Structures are given as C-alpha cells and as structure tokens.
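Enquirer: Encoded as structure tokens, here's the structure I'll be asking about.
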Amino acid sequence: MYKIVKKEILNPTVILMDIYAPAVARKAEPGQFIILRTDSEGERIPLTVADYNRETGTVTIIFQKVGATTEKLAHMEEGECLSDFVGPLGRATETDGVKKVAIVGGGVGCAIAYPVAKKFFSLGAEVHSIVGFRNKDLVILEEQFKAVSHKMKLVTDDGSYGEKGLVTDALKALVDSGEKYDLVVTIGPLIMMKFVSKLTLEYGIKTVASMNPIMIDGTGMCGGCRLTVGGKTRFACVDGPDFDAHQIDFDEAMARGSMYRDFERHAHEETCNLFKKEERGNG
C-alpha cells in the first residue's frame with residue numbers, strides 16, 4: 001500500500017500529493033510517469049511524476065479533477081493509502097548537450113514542466129520558463145519555477161495576473177529579442193503544444209512535446225496511447241512520452257483525445273454526486 005504523506009490544494013481543481021513509494025522514488029526521472037489505482041477495484045490512470053525525493057522515498061503527483069478516479073483521489077486524505085502505484089514508466093526527458101532551453105508549460109501541464117526545468121537547471125543549463133494559465137485563480141508552482149529559472153515569463157489569457165497573452169506570444173517575443181535556444185520543451189494542452197511547435201518550426205528550433213494520450217496498461221500492449229509521429233505509429237507509454245514536436249500529428253491526437261470526453265464527464269458527475277450524498281448522510 002502506498003501512503004499519502006502530504007496533500008495540498010493548489011487551486012480549485014488541482015491537487016498535489018506526496019506518495020510514499022521508495023522503489024519508484026529511487027528510479028524516477030523527469031518526464032516519466034506512474035500508473036495508480038485508488039483501490040483494488042479502481043481504474044488505472046497515468047499521472048506524470050511531478051517531483052521525487054530519494055531520501056524520504058516520496059513521489060509527488062499533481063492532478064486535475066476531470067474524471068471519476070481523479071475525483072475519488074481528490075477526496076482521499078493524508079494517512080490513507082493507494083492500492084497501486086506503479087512506475088517509473090516511459091522514457092526520461094533527454095538532457096544531454098543542452099546548454100540553453102526554453103520550457104513552455106500550460107495549465108496543469110506546468111506540473112510536468114517543472115521537474116524538467118528543475119533537471120536542466122541542476123545540470124547547469126540556462127533555463128527560460130514560460131508558463132501560461134487561463135486566469136490568476138489557476139496559477140500553480142510560480143515560486144517553484146522562479147527558483148529553477150534564469151528567466152521566467154508568466155502569462156494569463158485574461159491578463160488577471162502576469163502578462164496578458166498566450167505562451168506563444170511570450171516565446172516569440174523572447175526569440176525575436178535575440179534569445180537562441182538549443183531546445184524548446186512544451187508541455188500542456190494539445191492545442192497549445194501544436195501552436196508552440198508551429199512557431200518553433202518557423203524559427204528552426206528543435207522542440208520536444210510531452211504527450212499524455214489515453215492509456216491503460218502502460219506497457220504498449222493495449223495500443224490506447226498510440227500516436228502518429230513522422231508518419232509512423234508510436235506508443236506514448238514506451239516510446240515517449242516525449243516526441244519530436246515537429247513530427248507529431250496533433251490533429252489526430254486531439255481527435256482521439258476527445259473520443260471519451262462525454263463518458264469522462266458523465267463518470268465525473270456521478271462520482272461527485274455520490275460524494276455529495278455521502279456528505280449529506282454523514283451530516
């Protein structure tokens with residue numbers, strides 16, 4: 001069993017948890033993910049490793065309440081245990097030879113972008129972080145990014161915090177001002193990563209996108225996480241999750257990602273209603 005040793009509410013829909021999983025913490029690297037189950041009858045969901053501490057044996061996960069399982073997970077408290085916590089899975093983000101990098105994160109994808117920025121920073125690379133959110137209330141990990149960035153830009157769609165605009169606006173402004181990057185790493189909503197990759201293609205900057213498609217077993221056997229990259233089928237769980245952003249068929253990925261959206265929303269609503277009934281009963 002894997003104990004929840006810390007729980008922190010980052011914003012109304014995003015929660016951070018530290019899980020005691022020493023075997024995972026010992027091997028985890030930025031860019032990798034785990035698969036967990038809240039209980040023995042629960043579904044398997046993949047979550048990216050947001051951080052890890054090899055000394056304390058803990059792994060940090062950050063998740064957004066979007067489906068039934070993330071809603072159940074959000075109702076668990078410190079001291080409770082998860083049934084399964086498997087990993088690390090996937091390939092770690094490649095860092096060799098990168099001297100200057102731009103990390104572009106959007107929304108809850110910033111939870112994945114942060115450990116990548118932290119890793120590059122620890123290796124001595126110059127790190128420029130660009131993080132974007134819809135509004136001030138959804139901002140997460142601001143201070144953490146500042147601590148591992150030589151330059152940081154925070155933007156919001158509505159201008160309620162930081163600079164008004166999109167992450168692509170901030171990235172373009174940096175490149176146009178003369179910044180030259182060995183690599184851009186983009187992590188966030190598919191539509192955001194698509195337009196980041198279109199921009200960097202114009203400038204000829206190598207770009208990697210972290211993909212998080214539908215996933216079941218995490219071993220490449222189910223085929224649920226397949227993507228088209230460079231005209232070939234790839235599996236995010238074993239070939240990724242990082243891929244050459246200029247080779248990804250983002251339109252296909254977005255179409256596949258929306259296939260179960262209505263089912264997910266319905267399951268989330270059912271789970272929310274179940275918890276509300278339990279709370280009324282206990283009251």
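Letters A, B, ... mark the chains of the structure tokens in the order given; residue numbers begin at 1 per chain; ligand numbers begin at 1, in order shown.
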Looking only at alpha helix (DSSP H) from DSSP on the backbone, list the matching residues of range 41-222 of chain A as an MDAnalysis selection string.

Expert: chainID A and resid 68:74 110:122 142:147 167:176 190:203

Enquirer: Mind running range 77-144 of chain A against range 27-34 of chain A at 8 Å and telling me each contacting residue's nearest atom pair with the distance in Å (one decimal), counting only C-alpha atoms, chain and number ascending, as a tab-separated table?

Expert:
```
residue	atom	partner	partner_atom	distance
A:Phe85	CA	A:Ile34	CA	6.6
A:Val86	CA	A:Ile34	CA	5.4
A:Gly87	CA	A:Ile34	CA	4.6
A:Pro88	CA	A:Ala28	CA	5.4
A:Leu89	CA	A:Phe33	CA	5.2
A:Gly90	CA	A:Gln32	CA	5.2
A:Arg91	CA	A:Gln32	CA	5.8
A:Ala92	CA	A:Gly31	CA	4.7
A:Thr93	CA	A:Gly31	CA	5.0
A:Ile112	CA	A:Gly31	CA	7.0
A:Pro115	CA	A:Pro30	CA	5.4
A:Val116	CA	A:Pro30	CA	5.3
A:Lys119	CA	A:Pro30	CA	7.0
```

Enquirer: Applying 8 Å and only C-alpha atoms, which residues near range 5-21 of chain A remain after dropping the ones on its own chain fewer than 2 positions away? List them as an mmCIF file with C-alpha atoms, in the first residue's frame.

Expert:
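So selection-v3.cif came out as:
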```
data_model
loop_
_atom_site.group_PDB
_atom_site.id
_atom_site.type_symbol
_atom_site.label_atom_id
_atom_site.label_comp_id
_atom_site.auth_asym_id
_atom_site.auth_seq_id
_atom_site.Cartn_x
_atom_site.Cartn_y
_atom_site.Cartn_z
ATOM 1 C CA TYR A 2 1.215 3.499 -0.802
ATOM 2 C CA LYS A 3 0.551 6.114 1.867
ATOM 3 C CA ALA A 23 11.089 1.919 -5.002
ATOM 4 C CA VAL A 24 9.610 4.392 -7.505
ATOM 5 C CA ALA A 25 11.364 7.399 -5.963
ATOM 6 C CA THR A 56 12.354 10.372 2.003
ATOM 7 C CA GLY A 57 11.143 7.829 -0.568
ATOM 8 C CA THR A 58 8.297 10.028 -1.789
ATOM 9 C CA VAL A 59 6.963 10.775 -5.249
ATOM 10 C CA THR A 60 4.963 13.928 -5.958
ATOM 11 C CA ILE A 61 1.930 13.814 -8.225
ATOM 12 C CA ILE A 62 -0.174 16.784 -9.296
ATOM 13 C CA PHE A 63 -3.562 16.117 -10.850
ATOM 14 C CA GLN A 64 -6.694 17.883 -12.001
ATOM 15 C CA LYS A 65 -10.178 16.706 -11.123
ATOM 16 C CA ALA A 74 -9.131 14.246 -4.506
ATOM 17 C CA GLU A 77 -6.597 12.424 2.782
ATOM 18 C CA GLU A 78 -3.135 12.270 4.343
ATOM 19 C CA GLY A 79 -2.588 8.914 6.018
ATOM 20 C CA PHE A 85 1.399 2.944 -7.603
ATOM 21 C CA VAL A 108 -1.832 21.690 -15.202
ATOM 22 C CA ASP A 137 -7.015 31.673 -9.867
ATOM 23 C CA LEU A 138 -5.484 28.775 -11.818
ATOM 24 C CA VAL A 139 -1.808 29.697 -11.374
ATOM 25 C CA ILE A 140 0.314 26.931 -9.839
#
```

Enquirer: Rounded to one decimal in Å, what is the spacing between CA of Glu41 in chain A and CA of Leu73 in chain A?

Expert: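 Taking CA of Glu41 in chain A as the start and CA of Leu73 in chain A as the end point, the length is 13.5 Å.
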
Enquirer: To one decimal place, how far is CA of Gly97 in chain A from CA of Phe235 in chain A in Å?

Expert: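 Distance reported for this atom pair: 25.6 Å.
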
Enquirer: A:Ala255, A:Ile35, A:Ala117, A:Cys222: which is nearest Thr186 in chain A, counting only C-alpha atoms?

Expert: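 Under the stated criterion, the closest residue is A:Ala117.
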
Enquirer: Closest to Asp169 in chain A among A:Glu142, A:Leu199, A:Ile214, A:Lys194, using only C-alpha atoms?

Expert: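 Closest to Asp169 in chain A, using only C-alpha atoms: A:Leu199.
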
Enquirer: From the options A:Val98, A:Met76, A:Leu201, A:Leu227, which residue's atoms come nearest to Leu183 in chain A, counting only C-alpha atoms?

Expert: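 Using only C-alpha atoms, Leu183 in chain A sits closest to A:Val98.
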
Enquirer: Name the residues in contact with Gly231 in chain A at a cut-off of 9 Å, using only C-alpha atoms, excluding same-chain residues fewer than 2 positions from it; report them as a PyMOL selection string.

Expert: chain A and resi 228-229+233+247-249
